[in-house]
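Data file: my_file_24.cif. Format and content: mmCIF, C-alpha atoms.
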data_query
#
loop_
_atom_site.label_atom_id
_atom_site.label_comp_id
_atom_site.auth_asym_id
_atom_site.auth_seq_id
_atom_site.Cartn_x
_atom_site.Cartn_y
_atom_site.Cartn_z
CA MET N 12 -28.48 -21.24 -4.69
CA ASP N 13 -31.12 -22.46 -2.26
CA THR N 14 -32.28 -19.14 -0.79
CA LYS N 15 -34.42 -20.50 2.03
CA LYS N 16 -31.77 -22.91 3.24
CA LYS N 17 -29.13 -20.19 3.10
CA PHE N 18 -31.36 -17.84 5.06
CA LEU N 19 -31.91 -20.42 7.81
CA SER N 20 -28.24 -21.31 8.04
CA SER N 21 -27.23 -17.64 8.28
CA LEU N 22 -29.58 -17.30 11.25
CA PHE N 23 -28.43 -20.43 13.04
CA SER N 24 -25.53 -22.70 12.13
CA GLU N 25 -23.59 -20.10 10.15
CA ASN N 26 -24.71 -17.15 12.22
CA PRO N 27 -21.76 -14.73 12.23
CA VAL N 28 -21.75 -14.38 16.02
CA THR N 29 -22.81 -17.69 17.48
CA GLY N 30 -21.70 -19.98 14.67
CA LEU N 31 -18.55 -18.37 13.34
CA MET N 32 -17.52 -16.23 16.36
CA LEU N 33 -16.95 -13.12 14.26
CA GLY N 34 -17.54 -9.52 15.27
CA LEU N 35 -17.53 -10.12 19.01
CA CYS N 36 -16.49 -6.61 20.03
CA PRO N 37 -19.61 -4.75 18.84
CA THR N 38 -21.72 -7.74 19.89
CA LEU N 39 -20.70 -7.46 23.52
CA ALA N 40 -20.23 -3.72 23.72
CA THR N 41 -23.41 -2.38 22.16
CA THR N 42 -26.04 -4.80 23.47
CA THR N 43 -26.91 -3.06 26.74
CA SER N 44 -30.49 -2.84 25.43
CA ALA N 45 -32.51 -4.42 22.63
CA GLU N 46 -32.75 -1.10 20.80
CA ASN N 47 -28.98 -0.53 20.78
CA GLY N 48 -28.38 -4.06 19.56
CA LEU N 49 -30.88 -3.58 16.76
CA GLY N 50 -29.35 -0.23 15.75
CA MET N 51 -25.84 -1.64 15.65
CA GLY N 52 -26.99 -4.70 13.72
CA LEU N 53 -28.81 -2.66 11.07
CA ALA N 54 -25.89 -0.25 10.65
CA ALA N 55 -23.55 -3.20 10.08
CA THR N 56 -26.09 -4.83 7.72
CA PHE N 57 -26.20 -1.70 5.58
CA VAL N 58 -22.40 -1.58 5.31
CA LEU N 59 -22.26 -5.31 4.62
CA VAL N 60 -24.84 -5.21 1.82
CA ALA N 61 -23.42 -2.07 0.20
CA SER N 62 -19.78 -3.19 0.33
CA ASN N 63 -20.68 -6.69 -0.88
CA VAL N 64 -22.50 -5.24 -3.92
CA VAL N 65 -19.72 -2.81 -4.81
CA ILE N 66 -16.92 -5.33 -4.29
CA SER N 67 -18.77 -7.94 -6.29
CA SER N 68 -19.36 -5.60 -9.22
CA LEU N 69 -15.70 -4.49 -9.18
CA ARG N 70 -14.34 -8.00 -8.67
CA HIS N 71 -12.85 -8.25 -12.18
CA LEU N 72 -11.25 -4.78 -11.95
CA ILE N 73 -9.48 -5.07 -8.60
CA PRO N 74 -6.02 -6.64 -9.04
CA ASN N 75 -5.60 -9.69 -6.88
CA ARG N 76 -2.50 -8.45 -5.07
CA VAL N 77 -4.01 -5.24 -3.72
CA ARG N 78 -7.48 -6.64 -3.06
CA ILE N 79 -7.40 -6.40 0.76
CA PRO N 80 -6.49 -2.65 0.88
CA ALA N 81 -9.04 -2.02 -1.88
CA PHE N 82 -11.76 -3.83 0.10
CA ILE N 83 -10.88 -1.90 3.25
CA VAL N 84 -11.14 1.44 1.46
CA ILE N 85 -14.55 0.50 0.02
CA ILE N 86 -15.78 -0.64 3.43
CA ALA N 87 -14.39 2.46 5.15
CA THR N 88 -16.23 4.67 2.66
CA PHE N 89 -19.59 3.13 3.56
CA VAL N 90 -18.78 3.23 7.27
CA THR N 91 -18.12 6.96 6.99
CA LEU N 92 -21.46 7.35 5.17
CA VAL N 93 -23.31 5.45 7.93
CA ASP N 94 -21.48 7.41 10.62
CA MET N 95 -22.48 10.78 9.15
CA GLY N 96 -25.99 9.61 8.22
CA MET N 97 -26.72 8.31 11.71
CA GLU N 98 -25.36 11.42 13.37
CA ALA N 99 -27.83 13.46 11.30
CA THR N 100 -30.90 11.25 11.79
CA PHE N 101 -30.57 9.15 14.97
CA TYR N 102 -28.48 11.44 17.13
CA ASP N 103 -29.13 9.69 20.47
CA LEU N 104 -28.49 6.20 19.13
CA HIS N 105 -25.34 7.46 17.43
CA LYS N 106 -24.16 8.85 20.74
CA THR N 107 -24.74 5.57 22.65
CA LEU N 108 -23.07 3.41 20.01
CA GLY N 109 -20.29 6.00 19.79
CA LEU N 110 -16.91 4.50 19.02
CA PHE N 111 -18.38 1.31 17.61
CA ILE N 112 -19.77 2.94 14.47
CA PRO N 113 -16.32 3.78 13.02
CA LEU N 114 -15.15 0.39 14.29
CA ILE N 115 -17.53 -1.38 11.87
CA VAL N 116 -14.62 -0.96 9.47
CA VAL N 117 -12.54 -3.57 11.31
CA ASN N 118 -15.52 -5.86 11.93
CA CYS N 119 -14.24 -9.20 10.67
CA ILE N 120 -17.68 -10.22 9.34
CA ILE N 121 -17.60 -7.55 6.65
CA LEU N 122 -14.06 -8.11 5.40
CA GLY N 123 -14.63 -11.85 5.79
CA ARG N 124 -17.69 -11.86 3.52
CA ALA N 125 -15.93 -9.57 1.02
CA GLU N 126 -12.98 -11.92 0.79
CA ALA N 127 -14.81 -15.23 1.03
CA PHE N 128 -17.94 -14.48 -0.97
CA ALA N 129 -18.33 -11.14 -2.78
CA SER N 130 -14.95 -11.28 -4.52
CA LYS N 131 -15.91 -14.56 -6.21
CA ASN N 132 -19.67 -14.39 -6.84
CA PRO N 133 -22.09 -12.38 -9.02
CA VAL N 134 -23.72 -9.19 -7.74
CA TRP N 135 -27.18 -10.57 -6.93
CA HIS N 136 -25.83 -13.50 -4.91
CA SER N 137 -23.47 -11.19 -3.04
CA PHE N 138 -26.37 -8.87 -2.27
CA LEU N 139 -28.35 -11.76 -0.77
CA ASP N 140 -25.31 -13.04 1.11
CA GLY N 141 -24.69 -9.62 2.63
CA LEU N 142 -28.34 -9.22 3.54
CA PHE N 143 -28.66 -12.66 5.16
CA MET N 144 -25.36 -12.44 7.05
CA GLY N 145 -26.31 -8.96 8.22
CA LEU N 146 -29.71 -10.17 9.38
CA GLY N 147 -28.07 -13.10 11.18
CA PHE N 148 -25.79 -10.64 12.95
CA THR N 149 -28.73 -8.34 13.80
CA PHE N 150 -30.72 -11.35 15.04
CA SER N 151 -28.10 -12.43 17.58
CA LEU N 152 -27.48 -8.83 18.67
CA PHE N 153 -31.21 -8.34 19.18
CA ILE N 154 -31.56 -11.54 21.25
CA LEU N 155 -28.53 -10.70 23.38
CA GLY N 156 -29.70 -7.10 23.82
CA SER N 157 -33.23 -8.22 24.75
CA LEU N 158 -32.02 -10.72 27.37
CA ARG N 159 -29.65 -8.22 28.93
CA GLU N 160 -32.25 -5.44 28.96
CA ILE N 161 -34.97 -7.67 30.48
CA LEU N 162 -32.69 -9.11 33.17
CA GLY N 163 -30.67 -5.99 33.83
CA SER N 164 -33.15 -3.15 33.71
CA GLY N 165 -36.52 -4.94 33.73
CA SER N 166 -37.73 -3.49 30.45
CA TRP N 167 -37.85 -4.43 26.76
CA LEU N 168 -37.44 -1.96 23.90
CA GLY N 169 -37.99 0.77 26.45
CA MET N 170 -41.27 -0.69 27.83
CA ARG N 171 -41.21 -1.51 31.54
CA LEU N 172 -42.03 -5.14 32.28
CA VAL N 173 -41.75 -5.14 36.08
CA PRO N 174 -42.81 -2.50 38.65
CA GLN N 175 -40.36 0.34 39.37
CA SER N 176 -39.85 -0.83 42.95
CA TRP N 177 -38.45 -4.24 41.99
CA ASN N 178 -34.73 -4.75 42.08
CA THR N 179 -33.24 -5.85 38.77
CA ILE N 180 -29.99 -7.75 38.25
CA LEU N 181 -27.83 -4.78 37.36
CA VAL N 182 -24.78 -6.91 36.52
CA PHE N 183 -26.39 -7.92 33.23
CA VAL N 184 -26.12 -4.42 31.76
CA LEU N 185 -22.54 -4.15 33.01
CA ALA N 186 -19.57 -5.75 31.28
CA PRO N 187 -19.60 -9.18 33.02
CA GLY N 188 -23.24 -9.75 32.10
CA ALA N 189 -22.36 -9.45 28.42
CA PHE N 190 -19.93 -12.36 28.60
CA LEU N 191 -22.21 -14.52 30.79
CA THR N 192 -25.31 -13.98 28.64
CA LEU N 193 -23.39 -14.70 25.45
CA ALA N 194 -22.06 -17.95 26.95
CA PHE N 195 -25.61 -19.19 27.53
CA ILE N 196 -26.71 -17.98 24.08
CA PHE N 197 -23.91 -20.05 22.58
CA ILE N 198 -25.22 -23.15 24.33
CA GLY N 199 -28.82 -22.41 23.34
CA MET N 200 -28.01 -21.61 19.72
CA ASN N 201 -26.01 -24.84 19.32
CA LYS N 202 -29.02 -26.83 20.44
CA ILE N 203 -31.48 -24.85 18.29
CA SER N 204 -29.40 -25.04 15.13
CA LYS N 205 -29.17 -28.81 15.56
CA LEU N 206 -32.96 -29.00 15.92
CA VAL N 207 -33.78 -26.65 13.03
CA GLU N 208 -31.33 -27.94 10.46
CA GLY N 209 -30.86 -31.51 11.58
CA ASP N 210 -27.73 -32.86 13.25
CA LYS N 211 -24.97 -32.62 10.66
CA ARG N 212 -21.98 -32.52 12.95
CA MET V 8 3.72 13.20 36.02
CA THR V 9 0.71 12.35 38.22
CA GLU V 10 -1.50 12.83 35.17
CA LEU V 11 0.48 10.23 33.23
CA ALA V 12 0.51 7.76 36.14
CA LEU V 13 -3.26 8.15 36.40
CA ILE V 14 -3.64 7.43 32.68
CA ILE V 15 -1.62 4.20 33.09
CA VAL V 16 -3.68 3.01 36.09
CA SER V 17 -6.91 3.96 34.34
CA THR V 18 -6.09 2.15 31.09
CA VAL V 19 -4.60 -1.00 32.65
CA PHE V 20 -7.14 -1.60 35.41
CA VAL V 21 -10.16 0.69 35.48
CA ASN V 22 -10.95 0.99 31.78
CA ASN V 23 -9.29 -2.23 30.70
CA VAL V 24 -9.47 -2.61 26.90
CA ILE V 25 -11.02 -6.06 27.08
CA PHE V 26 -13.22 -5.98 30.16
CA SER V 27 -14.62 -2.50 30.08
CA ARG V 28 -14.18 -1.18 26.55
CA PHE V 29 -14.75 -4.51 24.72
CA LEU V 30 -12.01 -3.90 22.17
CA GLY V 31 -9.84 -6.60 20.63
CA LEU V 32 -12.01 -9.56 21.58
CA CYS V 33 -11.24 -11.62 18.47
CA PRO V 34 -7.55 -12.13 19.30
CA TYR V 35 -8.57 -12.38 22.96
CA PHE V 36 -10.61 -15.52 22.29
CA GLY V 37 -8.57 -16.62 19.28
CA VAL V 38 -5.02 -16.83 20.61
CA SER V 39 -5.62 -17.48 24.30
CA LYS V 40 -5.46 -21.27 24.28
CA LYS V 41 -1.73 -21.33 25.14
CA LEU V 42 0.31 -19.07 27.37
CA ASP V 43 3.23 -18.83 24.88
CA THR V 44 1.13 -17.54 22.01
CA ALA V 45 -0.68 -15.20 24.39
CA LEU V 46 2.66 -13.72 25.45
CA GLY V 47 3.75 -13.30 21.82
CA MET V 48 0.49 -11.64 20.86
CA SER V 49 0.62 -9.28 23.87
CA MET V 50 4.14 -8.14 22.99
CA ALA V 51 3.20 -7.59 19.36
CA VAL V 52 0.17 -5.54 20.45
CA VAL V 53 2.21 -3.40 22.88
CA PHE V 54 4.67 -2.65 20.09
CA VAL V 55 2.17 -1.89 17.32
CA LEU V 56 -0.42 -0.08 19.44
CA THR V 57 2.12 2.36 20.89
CA LEU V 58 3.47 3.10 17.40
CA ALA V 59 0.00 3.35 15.86
CA GLY V 60 -1.23 5.71 18.60
CA THR V 61 1.72 8.01 18.01
CA ILE V 62 1.45 8.04 14.22
CA THR V 63 -2.32 8.49 14.08
CA TYR V 64 -1.90 11.43 16.48
CA VAL V 65 0.56 13.01 14.05
CA VAL V 66 -1.77 12.33 11.10
CA GLN V 67 -4.74 13.80 12.96
CA THR V 68 -2.97 16.97 14.18
CA TYR V 69 -0.83 17.82 11.18
CA LEU V 70 -2.87 16.47 8.28
CA LEU V 71 -6.59 16.09 8.99
CA VAL V 72 -7.15 19.15 11.21
CA PRO V 73 -5.24 21.80 9.16
CA PHE V 74 -7.03 20.72 5.95
CA HIS V 75 -10.46 20.42 7.68
CA ILE V 76 -10.98 16.84 6.54
CA GLU V 77 -11.67 15.26 9.94
CA TYR V 78 -14.50 13.25 8.41
CA LEU V 79 -11.88 11.16 6.59
CA GLN V 80 -10.58 10.01 10.00
CA THR V 81 -11.79 6.39 9.73
CA ILE V 82 -10.36 5.86 6.25
CA ALA V 83 -7.08 7.65 7.00
CA PHE V 84 -6.50 5.80 10.28
CA ILE V 85 -7.22 2.31 8.95
CA LEU V 86 -4.88 2.88 5.99
CA VAL V 87 -2.14 4.22 8.28
CA ILE V 88 -2.52 1.20 10.56
CA ALA V 89 -2.49 -1.32 7.71
CA ALA V 90 0.57 0.30 6.17
CA LEU V 91 2.27 0.53 9.57
CA VAL V 92 1.79 -3.17 10.28
CA GLN V 93 3.28 -4.06 6.89
CA LEU V 94 6.19 -1.72 7.50
CA VAL V 95 6.89 -3.09 10.98
CA GLU V 96 6.85 -6.60 9.52
CA ILE V 97 9.37 -5.74 6.78
CA VAL V 98 11.68 -3.74 9.06
CA MET V 99 11.57 -6.34 11.81
CA LYS V 100 12.40 -9.13 9.35
CA LYS V 101 15.56 -7.26 8.27
CA VAL V 102 16.69 -5.73 11.56
CA ALA V 103 15.66 -8.25 14.22
CA PRO V 104 15.08 -11.67 12.68
CA ALA V 105 14.92 -13.36 16.09
CA LEU V 106 12.12 -11.05 17.23
CA TYR V 107 10.42 -11.53 13.87
CA ARG V 108 10.39 -15.29 14.30
CA SER V 109 8.60 -15.02 17.63
CA LEU V 110 6.18 -12.17 16.79
CA GLY V 111 5.94 -12.55 13.01
CA ILE V 112 2.79 -14.62 12.75
CA PHE V 113 0.86 -12.26 15.02
CA LEU V 114 1.59 -9.11 13.03
CA PRO V 115 -0.86 -9.64 10.12
CA LEU V 116 -3.57 -10.51 12.65
CA ILE V 117 -3.13 -7.16 14.35
CA THR V 118 -4.53 -5.12 11.45
CA THR V 119 -7.96 -6.54 12.19
CA ASN V 120 -7.59 -6.00 15.94
CA CYS V 121 -10.17 -3.32 16.66
CA ALA V 122 -8.25 -2.25 19.77
CA ILE V 123 -5.68 -0.52 17.55
CA LEU V 124 -8.18 1.62 15.62
CA GLY V 125 -10.40 2.05 18.68
CA ILE V 126 -7.66 3.32 20.97
CA SER V 127 -6.34 5.67 18.26
CA ILE V 128 -9.81 7.20 17.81
CA LEU V 129 -10.38 7.36 21.58
CA ALA V 130 -7.09 9.22 22.09
CA VAL V 131 -8.24 11.82 19.57
CA GLN V 132 -11.70 12.06 21.16
CA ASN V 133 -10.15 12.54 24.63
CA LYS V 134 -8.07 15.44 23.21
CA TYR V 135 -4.77 14.09 24.53
CA ASP V 136 -1.47 15.73 23.59
CA LEU V 137 1.41 13.73 22.10
CA ILE V 138 2.94 12.46 25.37
CA GLU V 139 -0.49 11.59 26.82
CA THR V 140 -1.41 9.76 23.60
CA ILE V 141 1.75 7.64 23.78
CA VAL V 142 1.14 6.79 27.45
CA PHE V 143 -2.54 6.10 26.77
CA SER V 144 -1.79 3.70 23.88
CA PHE V 145 1.00 1.99 25.82
CA GLY V 146 -1.19 1.58 28.92
CA SER V 147 -4.09 0.21 26.91
CA ALA V 148 -1.79 -2.33 25.27
CA LEU V 149 -0.48 -3.34 28.71
CA GLY V 150 -4.07 -3.80 29.87
CA PHE V 151 -4.75 -6.00 26.86
CA GLY V 152 -1.62 -8.04 27.62
CA LEU V 153 -2.57 -8.44 31.28
CA ALA V 154 -6.08 -9.63 30.42
CA LEU V 155 -4.80 -12.01 27.73
CA ILE V 156 -2.12 -13.56 29.95
CA ILE V 157 -4.45 -14.13 32.93
CA PHE V 158 -7.10 -15.58 30.64
CA SER V 159 -4.76 -17.95 28.79
CA SER V 160 -3.30 -19.24 32.07
CA ILE V 161 -6.79 -20.11 33.24
CA ARG V 162 -7.68 -21.73 29.92
CA GLU V 163 -4.56 -23.91 30.04
CA VAL V 164 -5.72 -25.29 33.40
CA LEU V 165 -9.30 -25.72 32.16
CA GLU V 166 -8.07 -27.99 29.35
CA THR V 167 -7.32 -30.74 31.84
CA ARG V 168 -10.56 -30.43 33.81
CA GLN V 169 -13.87 -32.22 33.36
CA ILE V 170 -16.43 -29.75 31.99
CA PRO V 171 -20.10 -30.52 31.23
CA ARG V 172 -20.35 -31.24 27.51
CA ALA V 173 -22.69 -28.39 26.66
CA PHE V 174 -20.23 -25.92 28.22
CA SER V 175 -17.01 -27.18 26.70
CA GLY V 176 -15.16 -24.95 24.25
CA THR V 177 -16.43 -21.42 23.72
CA PRO V 178 -19.16 -21.19 26.40
CA ILE V 179 -16.84 -21.98 29.30
CA ALA V 180 -14.28 -19.50 27.93
CA MET V 181 -17.02 -16.83 27.87
CA ILE V 182 -18.00 -17.63 31.45
CA VAL V 183 -14.37 -17.38 32.60
CA ALA V 184 -14.14 -14.02 30.82
CA GLY V 185 -17.35 -12.93 32.56
CA ILE V 186 -15.99 -13.80 36.00
CA LEU V 187 -12.71 -12.01 35.23
CA ALA V 188 -14.71 -8.99 34.07
CA MET V 189 -16.52 -8.99 37.44
CA ALA V 190 -13.13 -8.77 39.15
CA PHE V 191 -12.22 -5.81 36.97
CA VAL V 192 -15.54 -4.07 37.71
CA GLY V 193 -14.17 -3.84 41.27
CA PHE V 194 -11.60 -1.31 40.03
CA SER V 195 -14.23 1.06 38.67
CA GLY V 196 -14.39 4.45 40.29
CA ILE V 197 -10.75 4.51 41.47
CA VAL V 198 -9.81 7.00 38.77
CA LYS V 199 -12.08 8.51 36.20
#
Structure re-expressed in C-alpha cells:
Amino acid sequence: MDTKKKFLSSLFSENPVTGLMLGLCPTLATTTSAENGLGMGLAATFVLVASNVVISSLRHLIPNRVRIPAFIVIIATFVTLVDMGMEATFYDLHKTLGLFIPLIVVNCIILGRAEAFASKNPVWHSFLDGLFMGLGFTFSLFILGSLREILGSGSWLGMRLVPQSWNTILVFVLAPGAFLTLAFIFIGMNKISKLVEGDKR
Amino acid sequence: MTELALIIVSTVFVNNVIFSRFLGLCPYFGVSKKLDTALGMSMAVVFVLTLAGTITYVVQTYLLVPFHIEYLQTIAFILVIAALVQLVEIVMKKVAPALYRSLGIFLPLITTNCAILGISILAVQNKYDLIETIVFSFGSALGFGLALIIFSSIREVLETRQIPRAFSGTPIAMIVAGILAMAFVGFSGIVK
C-alpha cells in the first residue's frame, strides 16, 4: 500500500465529505466555528480508528450474515466512550456539539469504512485507513468551520481578526451559510484535487 | 391541544429537521433527483420515524430509566431502530405488498438516516410525554417530507437548465438548499 498516495487521496479526491459526500449532517451542523469543526472531526476520527482496528481484528470471527449489526454495536460502544469522555474533559465543547456526538454512530463514513475496508483488510492497514479517512474528514470540517467563522463572526479559532465595530456577515454562522459555504468548497476542492493528483477523470 | 399544535408548527417550519437541525441530509441529497422517489422516501420516513419515536420512548421510560442504565441510550436506540426497520419491512411485505413495492427500497436506507436516531434522542432530552413524543416525531417527519418535496421539485426543473460547468451537480444543489434554508430562517422566532 502506497501510504503517501493514500494520504493525499484521503485529503482530496477521496475526502469523505467533498469527494464521497458522506457524513454531511455533522459537517454542516457543527462547523459554526473552526474549533467546533476540529472537535467534531477529532471525535469522529477516534471512533473511526478504534472501530476499524477492532472490526479488522475480529473480521474472521464475525459471521457474515450478522456483520452489520455487529459493526453497529462495536461503533456504538466507542461512541458512548467518546461521549462520556468528552463530557468529563471538554465540557463546553461537548455542550456545543450536543446531539451530534451520539449521532456519530449513524455517520455513514464509519460504517462505510468498516464494511468496505476494515472487514477485509489486516489490522495495520485498517488502522491507517481509519486514521487517514478521519483526518480527511477533520480537514474539510476545519476548512468549512474556519471560513464560516471568519466570514460570520470575524474571528478565527477565537482570535478576533477585525475590529469589534465592523459588521460581519451573520448569515454564514446560521444554517443557510453552511450550505452556501460547502457549495463553494465543493467547487474549490474539485479543482485542487485535479491539480494535486493530476486529472484522472 | 394548543401545546400539540405548537409542537407541529415548530417541527415542520421553525425547527425544520433539514434546514435548522441538519438531520437526515444524506437521503436529502441522495434521493431528491426525482419527485416520485422523494415522495416515496418522505412517506417511508413519516411511517418509520413516528413508530421509532414511540418505541424509543417506551424503551427509555420503562427499560433504561428504571434500571439506571441511561448511558446505554445510544446503543439501545440504534439497535431498536435497526430491528424496527427490519420488522416493518417483513410485516409490510406480508400485509401490504402494494405499499411494500412502492416504499420497500427506501426502508433499508432509513436505518442510516440520522434524523430517526436524532429525533428520538431529542424527544428524550426535551422531556416530552408519550403523546408529545408521537406528535414531535410525526411533525419532524412531515418537516423532512416538506423539505424533500420542495427540493426535488426544484432539482427536476434545474436538470433542464444551463448551469455553469463548475456548479453543475452537487454545488448547485447545495446552493439551492442554502437559499431554501434562508426562507426557513424567516420562520424563526414564531414559536420557541
Note to self: Measuring between all atoms listed in the file, which one of V:Val192, V:Ile138, V:Leu165, V:Met50 shows the shortest distance to V:Ile25?
What the structure shows: V:Val192
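Residues near the point (-7.1, 3.3, 33.8), at a distance of 10 Å or less over all atoms listed in the file, make up Ala12, Leu13, Ile14, Ile15, Val16, Ser17, Thr18, Val19, Phe20, Val21, Asn22, Asn23, Val24, Phe143, Gly146, Ser147, Gly150, Phe194, Ser195, Gly196, Ile197, Val198 and Lys199 of chain V.
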Only C-alpha atoms, please: the residues just picked out, written as a short mmCIF file (atom, residue, chain, number, x, y, z; two decimals), in the coordinates of the input.
data_model
loop_
_atom_site.label_atom_id
_atom_site.label_comp_id
_atom_site.auth_asym_id
_atom_site.auth_seq_id
_atom_site.Cartn_x
_atom_site.Cartn_y
_atom_site.Cartn_z
CA ALA V 12 0.51 7.76 36.14
CA LEU V 13 -3.26 8.15 36.40
CA ILE V 14 -3.64 7.43 32.68
CA ILE V 15 -1.62 4.20 33.09
CA VAL V 16 -3.68 3.01 36.09
CA SER V 17 -6.91 3.96 34.34
CA THR V 18 -6.09 2.15 31.09
CA VAL V 19 -4.60 -1.00 32.65
CA PHE V 20 -7.14 -1.60 35.41
CA VAL V 21 -10.16 0.69 35.48
CA ASN V 22 -10.95 0.99 31.78
CA ASN V 23 -9.29 -2.23 30.70
CA VAL V 24 -9.47 -2.61 26.90
CA PHE V 143 -2.54 6.10 26.77
CA GLY V 146 -1.19 1.58 28.92
CA SER V 147 -4.09 0.21 26.91
CA GLY V 150 -4.07 -3.80 29.87
CA PHE V 194 -11.60 -1.31 40.03
CA SER V 195 -14.23 1.06 38.67
CA GLY V 196 -14.39 4.45 40.29
CA ILE V 197 -10.75 4.51 41.47
CA VAL V 198 -9.81 7.00 38.77
CA LYS V 199 -12.08 8.51 36.20
#
Margin query: Considering all atoms listed in the file, can you say which of N:Arg124, N:Arg159, N:Lys202, N:Arg76 comes closest to chain V?
Written below: N:Lys202
Next item on the list: Give me the residues within 10 Å of N:Pro133 as a VMD selection string, counting all atoms listed in the file and dropping any in the same chain fewer than 6 places off.
Entry: chain N and resid 64 66 to 68 70
Next item on the list: Provide as a list of chain:residue names the residues of chain N at most 6 Å from chain V, counting all atoms listed in the file.
Entry: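 So the residues of chain N near chain V are N:Cys36, N:Ala40, N:Ala87, N:Val117, N:Pro187, N:Phe190, N:Leu191, N:Ala194.
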Note to self: When you look at N:Glu126 with a cut-off of 10 Å (counting all atoms listed in the file), what residues show up, excluding the ones that are within fewer than 2 positions of it in the same chain? I need them as number ranges by chain.
What the structure shows: N: 63, 66-67, 78-79, 82, 120-124, 128-131
Next, write the just-selected residues to a file, as a compact mmCIF listing (two decimals), keeping the file's coordinate frame, keeping C-alpha atoms as the atom set.
# COMPACT_ATOMS: atom_id res chain seq x y z
CA ASN N 63 -20.68 -6.69 -0.88
CA ILE N 66 -16.92 -5.33 -4.29
CA SER N 67 -18.77 -7.94 -6.29
CA ARG N 78 -7.48 -6.64 -3.06
CA ILE N 79 -7.40 -6.40 0.76
CA PHE N 82 -11.76 -3.83 0.10
CA ILE N 120 -17.68 -10.22 9.34
CA ILE N 121 -17.60 -7.55 6.65
CA LEU N 122 -14.06 -8.11 5.40
CA GLY N 123 -14.63 -11.85 5.79
CA ARG N 124 -17.69 -11.86 3.52
CA PHE N 128 -17.94 -14.48 -0.97
CA ALA N 129 -18.33 -11.14 -2.78
CA SER N 130 -14.95 -11.28 -4.52
CA LYS N 131 -15.91 -14.56 -6.21
Note to self: Calculated over only C-alpha atoms, which of the candidates N:Met144, N:Val134, N:Met170, N:Ala61 has the smallest distance to N:Glu25?
What the structure shows: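 Closest to N:Glu25 of all the choices is N:Met144.
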Checklist line | Pairwise distance for atom CA of N:Trp167 and atom CA of N:Gly147, rounded to one decimal in Å | finding: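 So the answer is 20.3 Å.
Here atom CA of N:Leu114 stands at a distance of 23.6 Å from atom CA of V:Glu96.
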Notebook entry, point to check: Any chance you could work out the residue set of the PyMOL selection byres ((chain V and resi 53) around 12) here, as an NGL selection string?
Noted result: :V and (46-52 or 54-60 or 110 or 113-114 or 117 or 122-123 or 141-153)
Check: How many Å separate atom CA of N:Gly169 from atom CA of N:Val28?
Finding: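 These two atoms are separated by 24.5 Å.
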Note to self: Nearest residue to N:Leu19 out of N:Phe195, N:Phe143, N:Phe183, N:Trp177, using only C-alpha atoms?
What the structure shows: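 For N:Leu19, the nearest of the given residues is N:Phe143.
Minimum atom-to-atom distance to N:Ser44, evaluated using all atoms listed in the file, belongs to N:Ser164 out of N:Ser204, N:Thr14, N:Ser164, N:Ser21.
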Next item on the list: Find the residues near N:Thr192: any atom within 12 Å, counting all atoms listed in the file, skip ones fewer than 4 places away on the same chain, and give them as a count of residues only.
Entry: 34
For the point (-9.3, -16.3, 26.0) in the file's frame, write as a PDB file with C-alpha atoms, in the coordinates of the input all residues with an atom no more than 7 Å away, counting all atoms listed in the file.
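selection38.pdb, freshly written:
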ATOM      1  CA  TYR V  35      -8.570 -12.380  22.960  1.00  0.00           C
ATOM      2  CA  PHE V  36     -10.610 -15.520  22.290  1.00  0.00           C
ATOM      3  CA  GLY V  37      -8.570 -16.620  19.280  1.00  0.00           C
ATOM      4  CA  VAL V  38      -5.020 -16.830  20.610  1.00  0.00           C
ATOM      5  CA  SER V  39      -5.620 -17.480  24.300  1.00  0.00           C
ATOM      6  CA  LYS V  40      -5.460 -21.270  24.280  1.00  0.00           C
ATOM      7  CA  LEU V 155      -4.800 -12.010  27.730  1.00  0.00           C
ATOM      8  CA  PHE V 158      -7.100 -15.580  30.640  1.00  0.00           C
ATOM      9  CA  SER V 159      -4.760 -17.950  28.790  1.00  0.00           C
ATOM     10  CA  ARG V 162      -7.680 -21.730  29.920  1.00  0.00           C
ATOM     11  CA  ALA V 180     -14.280 -19.500  27.930  1.00  0.00           C
TER      12      ALA V 180
END
Taking the file as shown, find all residues satisfying the PyMOL selection byres ((chain N and resi 109) around 12) and write them as a PDB file with C-alpha atoms, in the coordinates of the input.
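Output file expr22.pdb follows:
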ATOM      1  CA  PRO N  37     -19.610  -4.750  18.840  1.00  0.00           C
ATOM      2  CA  ALA N  40     -20.230  -3.720  23.720  1.00  0.00           C
ATOM      3  CA  THR N  41     -23.410  -2.380  22.160  1.00  0.00           C
ATOM      4  CA  ASN N  47     -28.980  -0.530  20.780  1.00  0.00           C
ATOM      5  CA  GLY N  50     -29.350  -0.230  15.750  1.00  0.00           C
ATOM      6  CA  MET N  51     -25.840  -1.640  15.650  1.00  0.00           C
ATOM      7  CA  ASP N  94     -21.480   7.410  10.620  1.00  0.00           C
ATOM      8  CA  MET N  95     -22.480  10.780   9.150  1.00  0.00           C
ATOM      9  CA  MET N  97     -26.720   8.310  11.710  1.00  0.00           C
ATOM     10  CA  GLU N  98     -25.360  11.420  13.370  1.00  0.00           C
ATOM     11  CA  PHE N 101     -30.570   9.150  14.970  1.00  0.00           C
ATOM     12  CA  TYR N 102     -28.480  11.440  17.130  1.00  0.00           C
ATOM     13  CA  ASP N 103     -29.130   9.690  20.470  1.00  0.00           C
ATOM     14  CA  LEU N 104     -28.490   6.200  19.130  1.00  0.00           C
ATOM     15  CA  HIS N 105     -25.340   7.460  17.430  1.00  0.00           C
ATOM     16  CA  LYS N 106     -24.160   8.850  20.740  1.00  0.00           C
ATOM     17  CA  THR N 107     -24.740   5.570  22.650  1.00  0.00           C
ATOM     18  CA  LEU N 108     -23.070   3.410  20.010  1.00  0.00           C
ATOM     19  CA  LEU N 110     -16.910   4.500  19.020  1.00  0.00           C
ATOM     20  CA  PHE N 111     -18.380   1.310  17.610  1.00  0.00           C
ATOM     21  CA  ILE N 112     -19.770   2.940  14.470  1.00  0.00           C
ATOM     22  CA  PRO N 113     -16.320   3.780  13.020  1.00  0.00           C
ATOM     23  CA  LEU N 114     -15.150   0.390  14.290  1.00  0.00           C
ATOM     24  CA  ILE N 115     -17.530  -1.380  11.870  1.00  0.00           C
TER      25      ILE N 115
ATOM     26  CA  ARG V  28     -14.180  -1.180  26.550  1.00  0.00           C
ATOM     27  CA  GLY V 125     -10.400   2.050  18.680  1.00  0.00           C
ATOM     28  CA  ILE V 128      -9.810   7.200  17.810  1.00  0.00           C
ATOM     29  CA  LEU V 129     -10.380   7.360  21.580  1.00  0.00           C
ATOM     30  CA  GLN V 132     -11.700  12.060  21.160  1.00  0.00           C
TER      31      GLN V 132
END
